[in-house]
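Novice: Input entry.pdb, format and content: PDB, C-alpha atoms.
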ATOM      1  CA  MET A 104      54.319  17.054 -20.169
ATOM      2  CA  ASN A 105      57.007  18.914 -18.256
ATOM      3  CA  THR A 106      55.358  21.106 -15.615
ATOM      4  CA  SER A 107      58.435  22.886 -14.311
ATOM      5  CA  SER A 108      61.426  24.562 -15.872
ATOM      6  CA  PRO A 109      64.741  25.813 -14.560
ATOM      7  CA  ARG A 110      64.648  29.162 -12.761
ATOM      8  CA  ALA A 111      64.525  32.332 -14.824
ATOM      9  CA  ALA A 112      67.639  34.445 -15.344
ATOM     10  CA  SER A 113      68.373  37.043 -12.675
ATOM     11  CA  ARG A 114      66.000  40.006 -12.702
ATOM     12  CA  GLU A 115      66.814  43.683 -12.877
ATOM     13  CA  PHE A 116      63.971  45.019 -10.699
ATOM     14  CA  ASP A 117      62.906  44.908  -7.075
ATOM     15  CA  SER A 118      59.623  43.840  -5.493
ATOM     16  CA  VAL A 119      58.345  47.447  -5.253
ATOM     17  CA  HIS A 120      58.830  47.958  -8.991
ATOM     18  CA  PHE A 121      57.190  44.586  -9.687
ATOM     19  CA  ARG A 122      54.167  45.481  -7.529
ATOM     20  CA  GLN A 123      53.816  48.840  -9.321
ATOM     21  CA  ALA A 124      53.910  47.129 -12.707
ATOM     22  CA  LEU A 125      51.288  44.590 -11.568
ATOM     23  CA  SER A 126      49.009  47.415 -10.408
ATOM     24  CA  GLN A 127      48.631  48.475 -14.031
ATOM     25  CA  PHE A 128      46.572  45.349 -14.707
ATOM     26  CA  ALA A 129      42.927  46.134 -13.952
ATOM     27  CA  THR A 130      41.261  43.276 -12.123
ATOM     28  CA  GLY A 131      37.954  42.442 -10.545
ATOM     29  CA  VAL A 132      37.652  42.139  -6.782
ATOM     30  CA  THR A 133      36.323  39.100  -4.945
ATOM     31  CA  VAL A 134      35.617  38.029  -1.410
ATOM     32  CA  ILE A 135      36.226  34.320  -0.823
ATOM     33  CA  THR A 136      33.982  32.926   1.926
ATOM     34  CA  THR A 137      33.726  29.631   3.755
ATOM     35  CA  ARG A 138      32.174  28.063   6.844
ATOM     36  CA  LEU A 139      34.296  26.678   9.679
ATOM     37  CA  ALA A 140      33.615  23.429  11.536
ATOM     38  CA  ASP A 141      32.222  25.373  14.522
ATOM     39  CA  GLY A 142      29.631  27.045  12.265
ATOM     40  CA  SER A 143      31.333  30.442  12.121
ATOM     41  CA  PHE A 144      32.381  32.031   8.829
ATOM     42  CA  ARG A 145      35.624  33.298   7.366
ATOM     43  CA  GLY A 146      36.143  35.588   4.401
ATOM     44  CA  LEU A 147      38.980  37.383   2.683
ATOM     45  CA  THR A 148      39.425  39.827  -0.190
ATOM     46  CA  ALA A 149      41.256  38.538  -3.263
ATOM     47  CA  SER A 150      41.878  40.009  -6.681
ATOM     48  CA  SER A 151      43.756  36.939  -7.892
ATOM     49  CA  PHE A 152      40.771  35.215  -9.507
ATOM     50  CA  ASN A 153      40.666  33.651 -12.960
ATOM     51  CA  SER A 154      38.910  31.035 -15.030
ATOM     52  CA  VAL A 155      40.817  27.835 -15.781
ATOM     53  CA  SER A 156      38.506  25.493 -17.694
ATOM     54  CA  LEU A 157      34.950  25.257 -19.002
ATOM     55  CA  ASP A 158      34.826  21.442 -18.931
ATOM     56  CA  PRO A 159      35.096  20.712 -16.106
ATOM     57  CA  PRO A 160      34.222  24.204 -14.821
ATOM     58  CA  LEU A 161      37.346  25.306 -12.927
ATOM     59  CA  VAL A 162      38.452  28.630 -11.457
ATOM     60  CA  LEU A 163      41.517  29.652  -9.475
ATOM     61  CA  TRP A 164      42.561  32.153  -6.842
ATOM     62  CA  SER A 165      45.623  32.497  -4.649
ATOM     63  CA  LEU A 166      46.394  33.150  -1.002
ATOM     64  CA  GLY A 167      49.680  34.151   0.635
ATOM     65  CA  THR A 168      51.493  31.408   2.517
ATOM     66  CA  GLY A 169      51.655  33.646   5.599
ATOM     67  CA  ALA A 170      47.881  34.203   5.766
ATOM     68  CA  ASN A 171      46.354  33.021   9.031
ATOM     69  CA  SER A 172      43.362  31.693   7.053
ATOM     70  CA  LEU A 173      45.497  29.395   4.864
ATOM     71  CA  PRO A 174      44.840  26.274   7.010
ATOM     72  CA  ILE A 175      41.097  27.009   6.951
ATOM     73  CA  PHE A 176      40.828  27.360   3.180
ATOM     74  CA  SER A 177      43.241  24.475   2.585
ATOM     75  CA  GLY A 178      41.210  22.131   4.774
ATOM     76  CA  ASN A 179      37.625  23.044   3.876
ATOM     77  CA  SER A 180      35.806  21.108   1.192
ATOM     78  CA  HIS A 181      33.915  24.128  -0.214
ATOM     79  CA  TYR A 182      34.097  27.901  -0.534
ATOM     80  CA  VAL A 183      32.287  30.650  -2.443
ATOM     81  CA  ILE A 184      33.953  33.220  -4.660
ATOM     82  CA  ASN A 185      31.829  36.393  -4.477
ATOM     83  CA  VAL A 186      32.553  38.833  -7.348
ATOM     84  CA  LEU A 187      31.924  42.293  -5.926
ATOM     85  CA  SER A 188      29.699  44.882  -7.596
ATOM     86  CA  ALA A 189      30.838  48.465  -8.193
ATOM     87  CA  ASP A 190      29.080  49.686  -5.038
ATOM     88  CA  GLN A 191      30.732  47.106  -2.749
ATOM     89  CA  ALA A 192      34.199  48.603  -2.182
ATOM     90  CA  HIS A 193      33.307  48.746   1.528
ATOM     91  CA  LEU A 194      33.123  44.915   1.529
ATOM     92  CA  ALA A 195      36.535  44.625  -0.137
ATOM     93  CA  LYS A 196      37.986  46.862   2.583
ATOM     94  CA  LEU A 197      36.117  45.070   5.382
ATOM     95  CA  PHE A 198      37.336  41.607   4.365
ATOM     96  CA  SER A 199      40.906  42.765   3.728
ATOM     97  CA  THR A 200      41.423  43.619   7.401
ATOM     98  CA  ARG A 201      41.350  41.468  10.506
ATOM     99  CA  THR A 202      37.917  42.165  11.878
ATOM    100  CA  GLU A 203      36.404  40.256  14.783
ATOM    101  CA  ASP A 204      33.202  39.285  12.933
ATOM    102  CA  PRO A 205      32.726  40.965   9.549
ATOM    103  CA  PHE A 206      29.737  38.714   8.865
ATOM    104  CA  GLY A 207      27.849  40.406  11.703
ATOM    105  CA  THR A 208      27.682  43.611   9.638
ATOM    106  CA  VAL A 209      26.908  42.315   6.122
ATOM    107  CA  GLU A 210      23.930  40.708   4.437
ATOM    108  CA  PHE A 211      24.423  37.175   3.173
ATOM    109  CA  GLU A 212      22.572  33.950   2.516
ATOM    110  CA  LEU A 213      23.795  30.375   2.653
ATOM    111  CA  SER A 214      24.588  28.179  -0.323
ATOM    112  CA  ARG A 215      23.354  24.597  -0.541
ATOM    113  CA  THR A 216      26.536  23.483   1.292
ATOM    114  CA  GLY A 217      26.184  26.190   3.956
ATOM    115  CA  GLN A 218      28.756  28.653   2.601
ATOM    116  CA  PRO A 219      28.060  32.404   2.865
ATOM    117  CA  ILE A 220      27.035  34.191  -0.345
ATOM    118  CA  LEU A 221      27.290  37.973  -0.020
ATOM    119  CA  LYS A 222      24.157  39.813  -1.152
ATOM    120  CA  GLY A 223      24.457  42.279  -4.021
ATOM    121  CA  CYS A 224      27.425  40.664  -5.748
ATOM    122  CA  THR A 225      27.573  40.694  -9.520
ATOM    123  CA  ALA A 226      28.303  36.930  -9.562
ATOM    124  CA  TRP A 227      29.197  34.074  -7.239
ATOM    125  CA  PHE A 228      30.757  30.633  -7.668
ATOM    126  CA  GLU A 229      30.296  27.821  -5.159
ATOM    127  CA  CYS A 230      33.368  25.625  -5.480
ATOM    128  CA  HIS A 231      34.591  22.242  -4.346
ATOM    129  CA  ASN A 232      38.164  22.708  -3.116
ATOM    130  CA  ARG A 233      39.672  20.552  -5.869
ATOM    131  CA  SER A 234      43.421  21.186  -5.577
ATOM    132  CA  ARG A 235      46.118  23.461  -4.191
ATOM    133  CA  TYR A 236      49.544  24.278  -5.610
ATOM    134  CA  PRO A 237      52.252  26.055  -3.602
ATOM    135  CA  GLU A 238      54.135  28.549  -5.818
ATOM    136  CA  GLY A 239      56.502  31.201  -4.513
ATOM    137  CA  ASP A 240      54.966  33.003  -1.546
ATOM    138  CA  HIS A 241      51.381  31.960  -2.410
ATOM    139  CA  VAL A 242      49.200  28.874  -2.700
ATOM    140  CA  ILE A 243      47.076  28.596  -5.848
ATOM    141  CA  PHE A 244      43.613  27.173  -5.155
ATOM    142  CA  VAL A 245      41.730  25.464  -7.989
ATOM    143  CA  GLY A 246      38.015  25.169  -7.372
ATOM    144  CA  GLU A 247      35.568  23.030  -9.300
ATOM    145  CA  VAL A 248      32.417  25.111  -9.685
ATOM    146  CA  GLU A 249      29.325  23.238  -8.494
ATOM    147  CA  HIS A 250      26.920  26.176  -8.726
ATOM    148  CA  CYS A 251      27.103  29.762  -9.946
ATOM    149  CA  GLU A 252      24.785  32.707 -10.429
ATOM    150  CA  PHE A 253      25.133  36.229 -11.782
ATOM    151  CA  ALA A 254      23.209  39.476 -11.613
ATOM    152  CA  GLY A 255      25.031  41.400 -14.314
ATOM    153  CA  ASN A 256      25.741  44.395 -12.063
ATOM    154  CA  ALA A 257      28.702  46.614 -12.922
ATOM    155  CA  PRO A 258      31.805  45.059 -11.301
ATOM    156  CA  LEU A 259      34.163  46.598  -8.782
ATOM    157  CA  VAL A 260      37.556  47.066 -10.439
ATOM    158  CA  PHE A 261      40.978  47.525  -8.841
ATOM    159  CA  HIS A 262      43.613  49.408 -10.855
ATOM    160  CA  GLY A 263      46.636  51.467  -9.895
ATOM    161  CA  GLY A 264      46.064  50.830  -6.198
ATOM    162  CA  LYS A 265      42.497  52.189  -6.255
ATOM    163  CA  PHE A 266      38.973  50.829  -6.505
ATOM    164  CA  ARG A 267      37.264  51.976  -9.677
ATOM    165  CA  ASP A 268      33.851  51.808 -11.275
ATOM    166  CA  LEU A 269      33.847  50.994 -14.999
ATOM    167  CA  LEU A 270      30.800  53.163 -15.563
ATOM    168  CA  LYS A 271      32.305  56.362 -14.111
TER
END
If you took the structure in this file and wrote it as structure tokens, what would it be?
Specialist:
Amino acid sequence: MNTSSPRAASREFDSVHFRQALSQFATGVTVITTRLADGSFRGLTASSFNSVSLDPPLVLWSLGTGANSLPIFSGNSHYVINVLSADQAHLAKLFSTRTEDPFGTVEFELSRTGQPILKGCTAWFECHNRSRYPEGDHVIFVGEVEHCEFAGNAPLVFHGGKFRDLLK
């Protein structure tokens, strides 16, 4: 199976227009968390989360190649994808900025492999870091889900550059 094709024809839009068009796609909001070798934790906000396969259970997310956490997430064996609930926009904002220790201000518990699971999320997926694919200015991470749980809370949604609650 051919996995790559020649480049697309030239485009007639700029990156600002492309970003505005992408913002019209409503998406859930996640915080990806992991534990470092020294025992500290790292987390980041990502809306680029999707299912890949049911058998085996695979999910994906992506991270910019310029992110300072790229070596951490590329090298760690496990991470947790925390799907934020409607009342957790403050966590999305907290983990989208460079904060000294965001974990010092949030409630979490540890997964069986020692990864932080944020309390109050609508769902979480503990993943083995199965594979990574560089594409454009991002790296696509494919995680094999080893454990997952859900609460069924209303999800936090991002659309048009704003956090939204589906129930409002």
Novice: Report the distance between atom CA of A:Val209 and atom CA of A:Gly246 in Å, rounded to one decimal place.
Specialist: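 Atom CA of A:Val209 sits 24.5 Å away from atom CA of A:Gly246.
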Novice: Using atom CA of A:Ala254 and atom CA of A:Asp204 as the two end points, give the distance in Å to one decimal.
Specialist: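 Distance between the two atoms: 26.5 Å.
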Novice: Exactly which residues make up the result of the PyMOL selection byres ((chain A and resi 144) around 12) on this file, given as a PyMOL selection string?
Specialist: chain A and resi 135-143+145-147+172+175-176+179+182-183+198+202-207+209+211-213+217-221
Novice: Between stretch 158-251 of chain A and stretch 108-132 of chain A, at 9 Å or less, what are the per-residue closest atom pairs and their distances in Å? Count all atoms listed in the file, order by chain and rising residue number, and return it as CSV.
Specialist:
residue,atom,partner,partner_atom,distance
A:Asn185,CA,A:Val132,CA,8.5
A:Val186,CA,A:Val132,CA,6.1
A:Leu187,CA,A:Val132,CA,5.8
A:Ser188,CA,A:Val132,CA,8.5
A:Ala192,CA,A:Val132,CA,8.7
A:Ala195,CA,A:Val132,CA,7.2
Novice: From the set A:Ser107, A:Ser180, A:Thr225, A:Gln191, which residue has the shortest atom-to-atom contact distance to A:Glu249, counting only C-alpha atoms?
Specialist: A:Ser180
Novice: Could you tell me, as number ranges by chain, which residues have any atom at most 12 Å from (33.9, 50.3, -4.9), counting all atoms listed in the file?
Specialist: A: 131-133, 186-197, 224, 257-262, 265-271
